[in-house]
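Pasting upload.cif here (mmCIF, C-alpha atoms):
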```cif
data_target
loop_
_atom_site.label_atom_id
_atom_site.label_comp_id
_atom_site.auth_asym_id
_atom_site.auth_seq_id
_atom_site.Cartn_x
_atom_site.Cartn_y
_atom_site.Cartn_z
CA MET A 1149 -1.74 2.99 1.13
CA PRO A 1150 -5.49 2.22 1.12
CA THR A 1151 -6.56 5.78 0.32
CA ILE A 1152 -4.82 5.52 -3.07
CA SER A 1153 -7.06 2.62 -4.06
CA ILE A 1154 -10.14 4.62 -3.09
CA MET A 1155 -8.94 7.73 -4.93
CA ARG A 1156 -8.21 5.71 -8.07
CA GLU A 1157 -11.65 4.12 -7.96
CA LEU A 1158 -13.28 7.55 -7.63
CA VAL A 1159 -11.39 8.78 -10.70
CA GLU A 1160 -12.55 5.72 -12.65
CA LEU A 1161 -16.11 6.54 -11.62
CA GLY A 1162 -15.77 10.03 -13.14
CA CYS A 1163 -14.72 12.19 -10.19
CA ILE A 1164 -12.26 15.07 -10.62
CA LEU A 1165 -9.98 15.07 -7.60
CA ARG A 1166 -7.77 17.62 -5.94
CA ILE A 1167 -5.51 16.10 -3.28
CA TYR A 1168 -3.84 18.22 -0.60
CA THR A 1169 -0.78 16.55 0.88
CA GLY A 1170 2.60 17.18 2.46
CA ASP A 1171 5.81 17.25 0.45
CA GLU A 1172 7.17 14.13 2.17
CA ILE A 1173 4.46 11.82 0.75
CA LYS A 1174 3.45 13.60 -2.47
CA ASP A 1175 5.10 10.97 -4.71
CA ILE A 1176 2.73 8.30 -3.38
CA PHE A 1177 -0.19 10.05 -5.06
CA ASN A 1178 1.44 10.04 -8.50
CA LYS A 1179 -0.46 6.80 -9.07
CA VAL A 1180 -3.71 8.79 -9.00
CA SER A 1181 -4.87 11.02 -11.86
CA ALA A 1182 -5.53 14.04 -9.69
CA ASP A 1183 -4.50 17.64 -9.13
CA ILE A 1184 -1.87 17.38 -6.38
CA GLN A 1185 -1.54 20.44 -4.16
CA LEU A 1186 1.13 20.75 -1.46
CA TYR A 1187 0.15 22.40 1.78
CA PRO A 1188 2.76 24.50 3.61
CA CYS A 1189 4.53 23.27 6.71
CA TYR A 1190 4.21 25.28 9.88
CA SER A 1191 7.13 24.94 12.25
CA ASN A 1192 7.50 26.10 15.85
CA ILE A 1193 3.87 25.37 16.60
CA PHE A 1194 4.19 25.64 20.36
CA THR A 1195 5.92 28.35 22.31
CA GLU A 1196 8.98 27.51 24.37
CA GLU A 1197 7.54 28.98 27.57
CA ILE A 1198 5.42 25.93 28.27
CA GLU A 1199 6.92 23.15 30.37
CA TYR A 1200 5.99 19.87 28.69
CA SER A 1201 5.56 16.51 30.38
CA ASP A 1202 7.34 13.51 28.83
CA PHE A 1203 3.96 12.03 28.10
CA PHE A 1204 2.93 15.17 26.23
CA LYS A 1205 6.11 15.13 24.12
CA LYS A 1206 5.26 11.62 22.97
CA TRP A 1207 1.95 12.90 21.60
CA TYR A 1208 3.30 16.19 20.27
CA SER A 1209 3.08 15.44 16.54
CA SER A 1210 -0.37 13.83 16.58
CA LEU A 1211 -1.98 16.46 18.76
CA SER A 1212 -0.40 19.42 16.98
CA ALA A 1213 -1.44 18.05 13.59
CA SER A 1214 -5.00 17.43 14.68
CA VAL A 1215 -5.59 20.72 16.49
CA ILE A 1216 -3.16 23.53 15.68
CA MET A 1217 -2.56 22.51 12.05
CA ARG A 1218 -6.31 22.19 11.64
CA ARG A 1219 -6.79 25.89 12.29
CA TYR A 1220 -3.66 26.93 10.40
CA LEU A 1221 -4.46 25.01 7.21
CA PHE A 1222 -8.05 26.16 7.25
CA GLN A 1223 -6.71 29.69 6.96
CA VAL A 1224 -3.89 29.25 4.43
CA LEU A 1225 -5.75 26.95 1.99
CA ARG A 1226 -9.01 28.87 1.93
CA GLU A 1227 -8.50 30.61 -1.43
CA SER A 1228 -7.39 27.37 -3.12
CA VAL A 1229 -10.29 25.31 -1.79
CA ILE A 1230 -12.89 27.95 -2.67
CA GLU A 1231 -11.45 28.25 -6.18
CA PHE A 1232 -11.73 24.47 -6.72
CA ALA A 1233 -15.39 24.53 -5.56
CA PRO A 1234 -15.64 20.88 -4.44
CA ASP A 1235 -18.93 18.98 -4.23
CA PHE A 1236 -17.70 16.94 -1.25
CA ILE A 1237 -14.58 16.57 0.88
CA ILE A 1238 -12.77 13.40 1.94
CA TYR A 1239 -10.22 13.64 4.73
CA ASP A 1240 -8.41 11.34 7.13
CA GLN A 1241 -8.24 11.78 10.90
CA ALA A 1242 -4.96 13.71 10.74
CA ALA A 1243 -6.44 16.22 8.27
CA SER A 1244 -9.58 17.19 10.15
CA TRP A 1245 -9.37 20.71 8.74
CA GLY A 1246 -11.24 19.09 5.83
CA GLN A 1247 -14.26 18.86 8.11
CA ASP A 1248 -14.03 22.60 8.78
CA TYR A 1249 -14.11 23.30 5.05
CA SER A 1250 -17.14 21.08 4.51
CA GLU A 1251 -19.01 23.07 7.16
CA PHE A 1252 -17.77 26.36 5.72
CA LEU A 1253 -18.85 25.41 2.16
CA GLN A 1254 -21.92 23.44 3.36
CA ILE A 1255 -20.99 20.29 1.46
CA PRO A 1256 -20.84 16.62 2.58
CA ASN A 1257 -17.72 15.32 4.31
CA ILE A 1258 -16.34 11.80 4.54
CA CYS A 1259 -13.69 10.76 7.07
CA LEU A 1260 -11.39 7.89 6.15
CA ILE A 1261 -10.42 6.18 9.40
CA THR A 1262 -7.08 4.57 8.66
CA GLY A 1263 -6.27 4.03 12.33
CA TYR A 1264 -8.61 2.87 15.08
CA ALA A 1265 -12.18 4.07 15.62
CA PHE A 1266 -13.37 5.18 19.04
CA SER A 1267 -16.74 5.82 20.63
CA ASN A 1268 -17.74 7.37 23.95
CA ASP A 1269 -18.66 3.88 25.13
CA ILE A 1270 -15.12 2.61 24.49
CA LEU A 1271 -13.53 5.54 26.31
CA GLU A 1272 -15.85 5.12 29.28
CA ARG A 1273 -15.78 1.34 29.61
CA ASP A 1274 -12.27 0.52 28.36
CA GLY A 1275 -10.32 3.46 29.74
CA ASP A 1276 -7.61 1.30 31.28
CA ILE A 1277 -7.03 -0.60 28.03
CA ILE A 1278 -6.88 2.64 26.02
CA GLN A 1279 -4.45 4.25 28.45
CA MET A 1280 -2.10 1.27 28.59
CA GLU A 1281 -2.31 -0.08 25.04
CA TYR A 1282 -3.03 3.02 22.95
CA LEU A 1283 -1.41 5.80 24.93
CA GLY A 1284 1.64 3.71 25.86
CA MET A 1285 1.16 4.00 29.63
CA LYS A 1286 1.65 0.32 30.43
CA GLY A 1287 3.37 -0.20 33.78
CA MET A 1288 2.03 3.01 35.32
CA SER A 1289 -0.48 2.98 38.17
CA HIS A 1290 -4.04 4.12 37.52
CA GLU A 1291 -3.51 7.31 39.52
CA ASP A 1292 -0.24 8.12 37.72
CA ARG A 1293 -1.95 7.66 34.36
CA LEU A 1294 -4.73 10.10 35.34
CA THR A 1295 -2.14 12.59 36.62
CA GLU A 1296 -0.26 12.48 33.31
CA ILE A 1297 -3.46 12.96 31.32
CA ARG A 1298 -4.41 15.97 33.45
CA LYS A 1299 -0.94 17.47 32.86
CA LEU A 1300 -1.34 16.87 29.14
CA ASN A 1301 -4.75 18.52 29.07
CA ARG A 1302 -3.41 21.57 30.95
CA SER A 1303 -0.60 21.91 28.41
CA LEU A 1304 -3.08 21.61 25.56
CA GLN A 1305 -5.34 24.23 27.07
CA MET A 1306 -2.52 26.72 27.53
CA ASN A 1307 -1.10 26.22 24.03
CA HIS A 1308 -4.32 25.97 22.11
CA SER A 1309 -5.74 29.13 23.65
CA ILE A 1310 -2.90 31.04 22.00
CA TYR A 1311 -4.26 29.98 18.61
CA GLY A 1312 -7.93 30.37 19.45
CA CYS A 1313 -8.63 26.63 19.16
CA ASN A 1314 -11.62 25.16 20.94
CA GLU A 1315 -10.57 21.49 21.19
CA LEU A 1316 -8.71 21.47 24.44
CA CYS A 1317 -8.62 17.90 25.75
CA LEU A 1318 -7.30 14.50 24.84
CA GLU A 1319 -10.79 13.04 24.39
CA ASP A 1320 -11.30 15.25 21.33
CA PHE A 1321 -8.38 13.50 19.68
CA PHE A 1322 -10.18 10.15 19.97
CA LEU A 1323 -13.68 11.21 18.97
CA ARG A 1324 -12.98 12.79 15.60
CA SER A 1325 -15.56 11.74 13.03
CA GLY A 1326 -17.33 12.93 9.89
CA GLN A 1327 -20.83 12.78 8.48
CA LEU A 1328 -19.81 9.45 6.93
CA ASN A 1329 -16.90 7.45 8.34
CA ILE A 1330 -15.23 4.79 6.23
CA VAL A 1331 -13.27 2.50 8.54
CA LEU A 1332 -10.56 0.65 6.64
CA TYR A 1333 -10.76 -2.58 8.57
CA LEU A 1334 -13.56 -5.09 9.12
CA ARG A 1335 -16.09 -5.01 11.96
CA GLU A 1336 -14.39 -8.00 13.55
CA PHE A 1337 -11.31 -5.90 14.36
CA GLN A 1338 -13.29 -3.24 16.23
CA MET A 1339 -13.75 -3.15 20.01
CA ARG A 1340 -17.40 -2.67 21.02
CA VAL A 1341 -18.48 -2.39 17.41
CA ASP A 1342 -22.15 -2.16 18.41
CA SER A 1343 -21.47 1.22 20.07
CA PHE A 1344 -21.12 2.85 16.62
CA ASP A 1345 -24.05 4.22 14.64
CA ASN A 1346 -24.65 3.80 10.91
CA SER A 1347 -22.40 6.74 10.05
CA PHE A 1348 -19.51 4.32 10.64
CA GLN A 1349 -19.06 1.78 7.87
CA PHE A 1350 -16.46 -0.94 8.46
CA LEU A 1351 -15.55 -1.72 4.86
CA GLY A 1352 -11.99 -3.00 5.16
CA GLN A 1353 -9.59 -2.97 2.23
CA TRP A 1354 -9.09 -5.10 -0.85
CA TYR A 1355 -6.22 -4.93 -3.33
CA GLY A 1356 -6.61 -6.01 -6.96
CA LYS A 1357 -3.87 -7.19 -9.29
CA GLU A 1358 -3.52 -3.62 -10.59
CA GLU A 1359 -2.27 -2.60 -7.15
CA MET A 1360 0.57 -5.12 -7.18
CA ASN A 1361 4.15 -4.46 -8.23
CA TYR A 1362 6.40 -7.41 -9.06
CA ASP A 1363 10.13 -7.75 -8.55
CA ASP A 1364 11.81 -10.59 -10.47
CA SER A 1365 14.60 -10.88 -7.90
CA ILE A 1366 12.03 -11.64 -5.17
CA THR A 1367 10.30 -14.18 -7.40
CA GLN A 1368 13.61 -15.96 -7.88
CA PHE A 1369 14.47 -15.79 -4.17
CA MET A 1370 11.13 -17.29 -3.08
CA LYS A 1371 11.31 -20.27 -5.42
CA GLY A 1372 11.44 -23.47 -3.40
CA LYS A 1373 11.54 -21.59 -0.08
CA LYS A 1374 9.06 -21.11 2.74
CA CYS A 1375 9.40 -17.41 3.45
CA ILE A 1376 8.53 -15.26 6.44
CA TYR A 1377 7.99 -11.61 5.53
CA VAL A 1378 9.14 -8.97 8.03
CA SER A 1379 8.19 -5.29 8.02
CA LEU A 1380 7.75 -2.71 10.76
CA GLY A 1381 6.16 -0.21 8.38
CA SER A 1382 7.48 3.10 7.14
CA ASP A 1383 7.63 4.86 10.54
CA HIS A 1384 9.45 2.34 12.73
CA ASN A 1385 11.98 0.56 10.55
CA GLN A 1386 14.80 2.22 12.53
CA ASN A 1387 14.33 -0.26 15.39
CA ILE A 1388 17.72 -1.91 14.86
CA GLU A 1389 17.50 -3.93 18.11
CA PHE A 1390 14.40 -5.63 16.76
CA TYR A 1391 16.27 -6.77 13.64
CA LYS A 1392 19.26 -7.84 15.70
CA SER A 1393 16.99 -10.16 17.72
CA LEU A 1394 15.19 -11.37 14.61
CA LEU A 1395 18.37 -12.34 12.79
CA HIS A 1396 19.70 -14.04 15.91
CA PHE A 1397 16.50 -16.12 15.98
CA SER A 1398 16.92 -16.94 12.29
CA GLU A 1399 20.17 -18.85 12.85
CA ASN A 1400 18.35 -22.05 13.82
CA CYS A 1401 15.14 -21.45 11.88
CA GLN A 1402 14.19 -23.55 8.85
CA TYR A 1403 12.46 -20.66 7.10
CA ALA A 1404 13.82 -17.97 4.80
CA PHE A 1405 13.23 -14.30 5.60
CA ILE A 1406 12.31 -11.32 3.42
CA ILE A 1407 12.96 -8.05 5.25
CA SER A 1408 11.80 -4.59 4.24
CA ALA A 1409 14.42 -2.17 5.59
CA GLY A 1410 12.83 1.15 4.64
CA THR A 1411 15.99 3.23 4.11
CA GLU A 1412 19.43 2.73 2.60
CA ASN A 1413 21.18 3.36 5.92
CA GLN A 1414 18.92 0.89 7.69
CA GLU A 1415 19.51 -1.69 4.97
CA ASP A 1416 23.29 -1.37 5.45
CA ALA A 1417 22.94 -1.67 9.23
CA ILE A 1418 20.73 -4.76 9.04
CA ARG A 1419 22.91 -6.46 6.42
CA LYS A 1420 25.82 -6.47 8.86
CA LEU A 1421 23.69 -8.48 11.29
CA ILE A 1422 22.82 -11.36 8.94
CA PRO A 1423 24.39 -14.60 10.27
CA ALA A 1424 26.95 -16.27 7.99
CA ASN A 1425 24.82 -19.41 7.68
CA LYS A 1426 21.75 -17.36 6.57
CA LYS A 1427 23.25 -15.24 3.79
CA ASP A 1428 21.38 -17.23 1.13
CA SER A 1429 18.10 -17.36 3.02
CA VAL A 1430 17.64 -13.68 3.94
CA TYR A 1431 16.42 -11.24 1.29
CA LEU A 1432 16.93 -7.66 2.41
CA SER A 1433 15.90 -4.55 0.53
CA ARG A 1434 15.08 -0.91 1.18
CA PHE A 1435 11.74 -1.44 -0.58
CA VAL A 1436 9.81 -4.69 -0.87
CA PRO A 1437 6.59 -5.03 -2.93
CA GLN A 1438 4.52 -6.20 0.00
CA LEU A 1439 1.53 -7.61 -1.88
CA GLN A 1440 3.76 -9.76 -4.07
CA VAL A 1441 5.56 -11.20 -1.05
CA LEU A 1442 2.40 -11.80 1.01
CA GLU A 1443 0.85 -13.63 -1.93
CA ASN A 1444 3.43 -16.41 -1.45
CA ALA A 1445 4.70 -16.04 2.16
CA VAL A 1446 3.90 -18.50 4.97
CA MET A 1447 3.88 -15.91 7.78
CA PHE A 1448 4.07 -12.16 8.38
CA ILE A 1449 5.97 -10.46 11.22
CA THR A 1450 4.44 -6.99 11.29
CA HIS A 1451 3.99 -3.87 13.39
CA GLY A 1452 0.22 -4.27 12.99
CA GLY A 1453 -0.64 -1.29 10.79
CA THR A 1454 -4.17 -1.35 9.40
CA SER A 1455 -3.12 -1.81 5.77
CA SER A 1456 -0.60 -4.53 6.58
CA VAL A 1457 -3.11 -6.48 8.65
CA MET A 1458 -5.83 -6.30 6.00
CA GLN A 1459 -3.34 -7.37 3.33
CA ALA A 1460 -2.38 -10.37 5.45
CA VAL A 1461 -6.07 -11.25 5.77
CA GLN A 1462 -6.49 -10.95 1.99
CA PHE A 1463 -3.72 -13.50 1.43
CA LYS A 1464 -4.65 -15.61 4.50
CA ILE A 1465 -1.24 -15.19 6.14
CA PRO A 1466 -0.87 -15.75 9.91
CA MET A 1467 0.70 -12.84 11.76
CA LEU A 1468 3.07 -12.25 14.62
CA VAL A 1469 2.43 -8.63 15.57
CA VAL A 1470 5.11 -6.59 17.33
CA PRO A 1471 3.23 -3.28 17.78
CA GLN A 1472 5.25 -0.07 17.81
CA GLN A 1473 2.71 2.70 18.39
CA ILE A 1474 -0.86 3.73 19.33
CA ASP A 1475 -3.42 1.92 17.09
CA GLU A 1476 -1.17 -1.08 16.57
CA PHE A 1477 -1.47 -2.19 20.20
CA LEU A 1478 -5.26 -2.37 19.95
CA ILE A 1479 -5.14 -4.12 16.58
CA ALA A 1480 -2.61 -6.62 17.98
CA ARG A 1481 -5.04 -7.29 20.84
CA GLN A 1482 -7.88 -8.01 18.39
CA ILE A 1483 -5.68 -10.32 16.30
CA LYS A 1484 -5.18 -12.50 19.36
CA ILE A 1485 -8.91 -12.40 20.16
CA LEU A 1486 -9.76 -13.35 16.56
CA HIS A 1487 -7.12 -16.10 16.72
CA ILE A 1488 -5.48 -15.24 13.41
CA GLY A 1489 -2.05 -14.69 14.88
CA ASP A 1490 -0.15 -13.78 18.02
CA SER A 1491 1.47 -10.64 19.41
CA LEU A 1492 4.47 -9.70 21.51
CA TYR A 1493 5.48 -6.33 22.88
CA ASP A 1494 8.77 -5.07 21.49
CA ASP A 1495 10.65 -5.84 24.70
CA GLU A 1496 9.05 -9.29 24.91
CA PHE A 1497 10.12 -10.08 21.35
CA LYS A 1498 13.70 -9.13 22.11
CA SER A 1499 13.80 -11.27 25.27
CA ILE A 1500 12.58 -14.64 23.92
CA SER A 1501 14.99 -17.43 23.02
CA GLN A 1502 15.71 -18.94 19.62
CA LEU A 1503 13.77 -22.05 20.64
CA GLN A 1504 10.77 -19.99 21.76
CA PHE A 1505 10.79 -18.05 18.50
CA CYS A 1506 10.85 -21.24 16.42
CA HIS A 1507 8.00 -22.67 18.51
CA ILE A 1508 5.86 -19.52 17.98
CA VAL A 1509 6.52 -19.56 14.24
CA ASP A 1510 5.69 -23.26 13.80
CA LYS A 1511 2.54 -22.89 15.87
CA LEU A 1512 1.27 -19.95 13.79
CA ILE A 1513 2.08 -21.52 10.44
CA HIS A 1514 0.60 -24.94 11.15
CA CYS A 1515 -2.40 -24.13 13.37
CA PRO A 1516 -5.60 -25.23 11.53
CA VAL A 1517 -7.83 -22.92 13.61
CA ILE A 1518 -5.80 -19.88 12.55
CA ARG A 1519 -6.09 -20.94 8.91
CA GLU A 1520 -9.83 -21.43 9.27
CA ASN A 1521 -10.31 -18.01 10.87
CA LEU A 1522 -8.19 -16.31 8.21
CA MET A 1523 -10.29 -17.98 5.51
CA PHE A 1524 -13.48 -16.64 7.13
CA LEU A 1525 -12.13 -13.06 7.24
CA HIS A 1526 -10.71 -13.37 3.73
CA ASP A 1527 -14.15 -14.34 2.40
CA LYS A 1528 -15.77 -11.54 4.42
CA SER A 1529 -13.35 -9.04 2.84
CA ILE A 1530 -14.21 -10.19 -0.67
CA THR A 1531 -17.95 -10.02 -0.02
CA THR A 1532 -17.73 -6.57 1.58
CA HIS A 1533 -15.66 -5.18 -1.28
CA GLU A 1534 -17.85 -6.66 -4.03
CA ILE A 1535 -21.16 -5.59 -2.51
CA ASN A 1536 -20.23 -2.12 -1.29
CA PRO A 1537 -16.72 -0.85 -2.14
CA SER A 1538 -15.68 2.35 -0.39
CA SER A 1539 -15.76 4.50 -3.54
CA LYS A 1540 -19.35 3.62 -4.46
CA HIS A 1541 -20.43 3.98 -0.85
CA ILE A 1542 -18.97 7.51 -0.82
CA LEU A 1543 -20.73 8.55 -4.03
CA SER A 1544 -24.03 7.07 -2.83
CA PHE A 1545 -23.73 9.07 0.40
CA VAL A 1546 -22.97 12.28 -1.52
CA GLU A 1547 -25.96 11.72 -3.82
CA GLN A 1548 -28.27 11.11 -0.87
CA SER A 1549 -26.93 14.30 0.73
CA GLY A 1550 -28.24 16.27 -2.24
CA ASN A 1551 -24.90 17.25 -3.87
#
```
Would you mind writing the file's structure down as structure tokens?
Amino acid sequence: MPTISIMRELVELGCILRIYTGDEIKDIFNKVSADIQLYPCYSNIFTEEIEYSDFFKKWYSSLSASVIMRRYLFQVLRESVIEFAPDFIIYDQAASWGQDYSEFLQIPNICLITGYAFSNDILERDGDIIQMEYLGMKGMSHEDRLTEIRKLNRSLQMNHSIYGCNELCLEDFFLRSGQLNIVLYLREFQMRVDSFDNSFQFLGQWYGKEEMNYDDSITQFMKGKKCIYVSLGSDHNQNIEFYKSLLHFSENCQYAFIISAGTENQEDAIRKLIPANKKDSVYLSRFVPQLQVLENAVMFITHGGTSSVMQAVQFKIPMLVVPQQIDEFLIARQIKILHIGDSLYDDEFKSISQLQFCHIVDKLIHCPVIRENLMFLHDKSITTHEINPSSKHILSFVEQSGN
């Protein structure tokens, strides 16, 4: 998680941190010397009287977190935040209540953009791409897409008015930003990057040796093998049909595979799919130390999450992206444009043949242009991190703001 690296750097630079997080991810922040505070969950956010569209249901969690939870958490955490008396507030796009507190306390705010950044120019000029790739409306006609968005906005308006919220349309979800916005990927990955002002800094991510965990069993497995690393991230590792296709492709593939399963149940389900002739060339585990594997892998099959992509760039690993949700479709698109990998929709991946899979893999691993482009972005990442790491950029901004 890139925010952990930034938090750790801020502590090393003398900052005293208080981190508000949900119970489900609190253990991640144990690596940071900070005061960890859990915020309460709020169930039954929407009333049952509203008739939802299928499209709205798909966006339920993101929209409720960004709008309703914003107002709710601003109320319930007020005493705690005032007691801590922060000099500045850092928040990610899903925790935009942090912006409300910065305005309430009149202190600087910094938004960490861990997903994709949007501008009015992108929404106006690339509406079709956003609707199909980001919102998951591929295959629908233009008119049907607009109809669904109108239905969604009506539902938002009806529900949000109950809670006194002002942000009532889908566009507000895209255009969330702070006084300073740290984008955790490089400028090259951004559509229409020139449409952003200087409050957006595309600083990417860089992971030092202190961020890496090592597993001796993986070291032993990788010896003498050319390994492809496979991970769909923490949110989508339940896609068992994906792994069924992957392991079918592996039967006639010369490479070994390291698969991050995510959960014990998923690991058991995937293990049953491993072909008899690949038992010794498939490493499967609930948790895989990703940086260690990418340091020595020859290719990465990934969902296209921001952190995963930037880690692949750091280790100059070509990618086959099989995007699963929202931002990942746009990032997959940029990876093809940058020519540092390829991408397939989930249904496309499952429909290719063993021969086609082997051809895609060999092409990605051996293409000199892909290697050259990865080297360029790798060097750009190093330079960006050394000259202006996110933590120092944040503190410089706070100092210039007068706090």
key: All residues 9 Å or closer to stretch 1349-1357 of chain A, only C-alpha atoms, same chain fewer than 3 positions away omitted, as a list in words   = Pro1150, Ser1153, Leu1328, Asn1329, Ile1330, Val1331, Leu1332, Tyr1333, Leu1334, Arg1335, Glu1336, Gln1338, Asp1345, Asn1346, Met1360, Asn1361, Leu1439, Ser1455, Met1458, Gln1459, Gln1462, Ser1529, Ile1530, Thr1532, His1533, Asn1536, Pro1537 and Ser1538 of chain A
inquiry  = Evaluate the PyMOL selection byres ((chain A and resi 1388) around 12) against this structure - the residues, as a list in words, please.
reply    = Leu1380, His1384, Asn1385, Gln1386, Asn1387, Glu1389, Phe1390, Tyr1391, Lys1392, Ser1393, Leu1394, Leu1395, Ala1409, Gly1410, Asn1413, Gln1414, Glu1415, Asp1416, Ala1417, Ile1418, Arg1419, Lys1420, Leu1421, Asp1494 and Lys1498 of chain A
inquiry  = Take the PyMOL selection byres ((chain A and resi 1479) around 12), run it mentally on this structure, and tell me the resulting residues as a ChimeraX atom specification.
reply    = /A:1262-1265,1278,1281-1282,1333-1339,1450-1458,1467-1478,1480-1486,1488-1491
Given the PyMOL selection byres ((chain A and resi 1168-1184) around 9), the residues it picks as a ChimeraX atom specification = /A:1149,1152-1153,1155-1156,1159,1164-1167,1185-1189
task = Take atom CA of A:Asp1495 and atom CA of A:Gly1275 and report the distance between them in Å, one decimal.
result = 23.5 Å
task = Identify, on the basis of all atoms listed in the file, every residue whose closest approach to A:Val1436 does not exceed 10 Å; exclude the query and any residue fewer than 2 positions from it along the same chain; express the result as a VMD selection string.
result = chain A and resid 1361 to 1363 1366 1377 to 1379 1406 to 1410 1431 to 1434 1438 to 1441
ask   = At what distance in Å, to one decimal, does atom CA of A:Leu1525 lie from atom CA of A:Ser1544?
value =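 Between atom CA of A:Ser1544 and atom CA of A:Leu1525 the gap is 25.5 Å.
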task = Rounded to one decimal place, report the atom CA of A:Leu1253-atom CA of A:Asp1235 distance in Å.
result =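 It comes out at 9.1 Å.
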ask   = From the set A:Gln1504, A:Asn1425, A:Thr1367, A:Thr1295, which residue has the shortest atom-to-atom contact distance to A:Pro1437, counting only C-alpha atoms?
value =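 Using only C-alpha atoms, A:Pro1437 sits closest to A:Thr1367.
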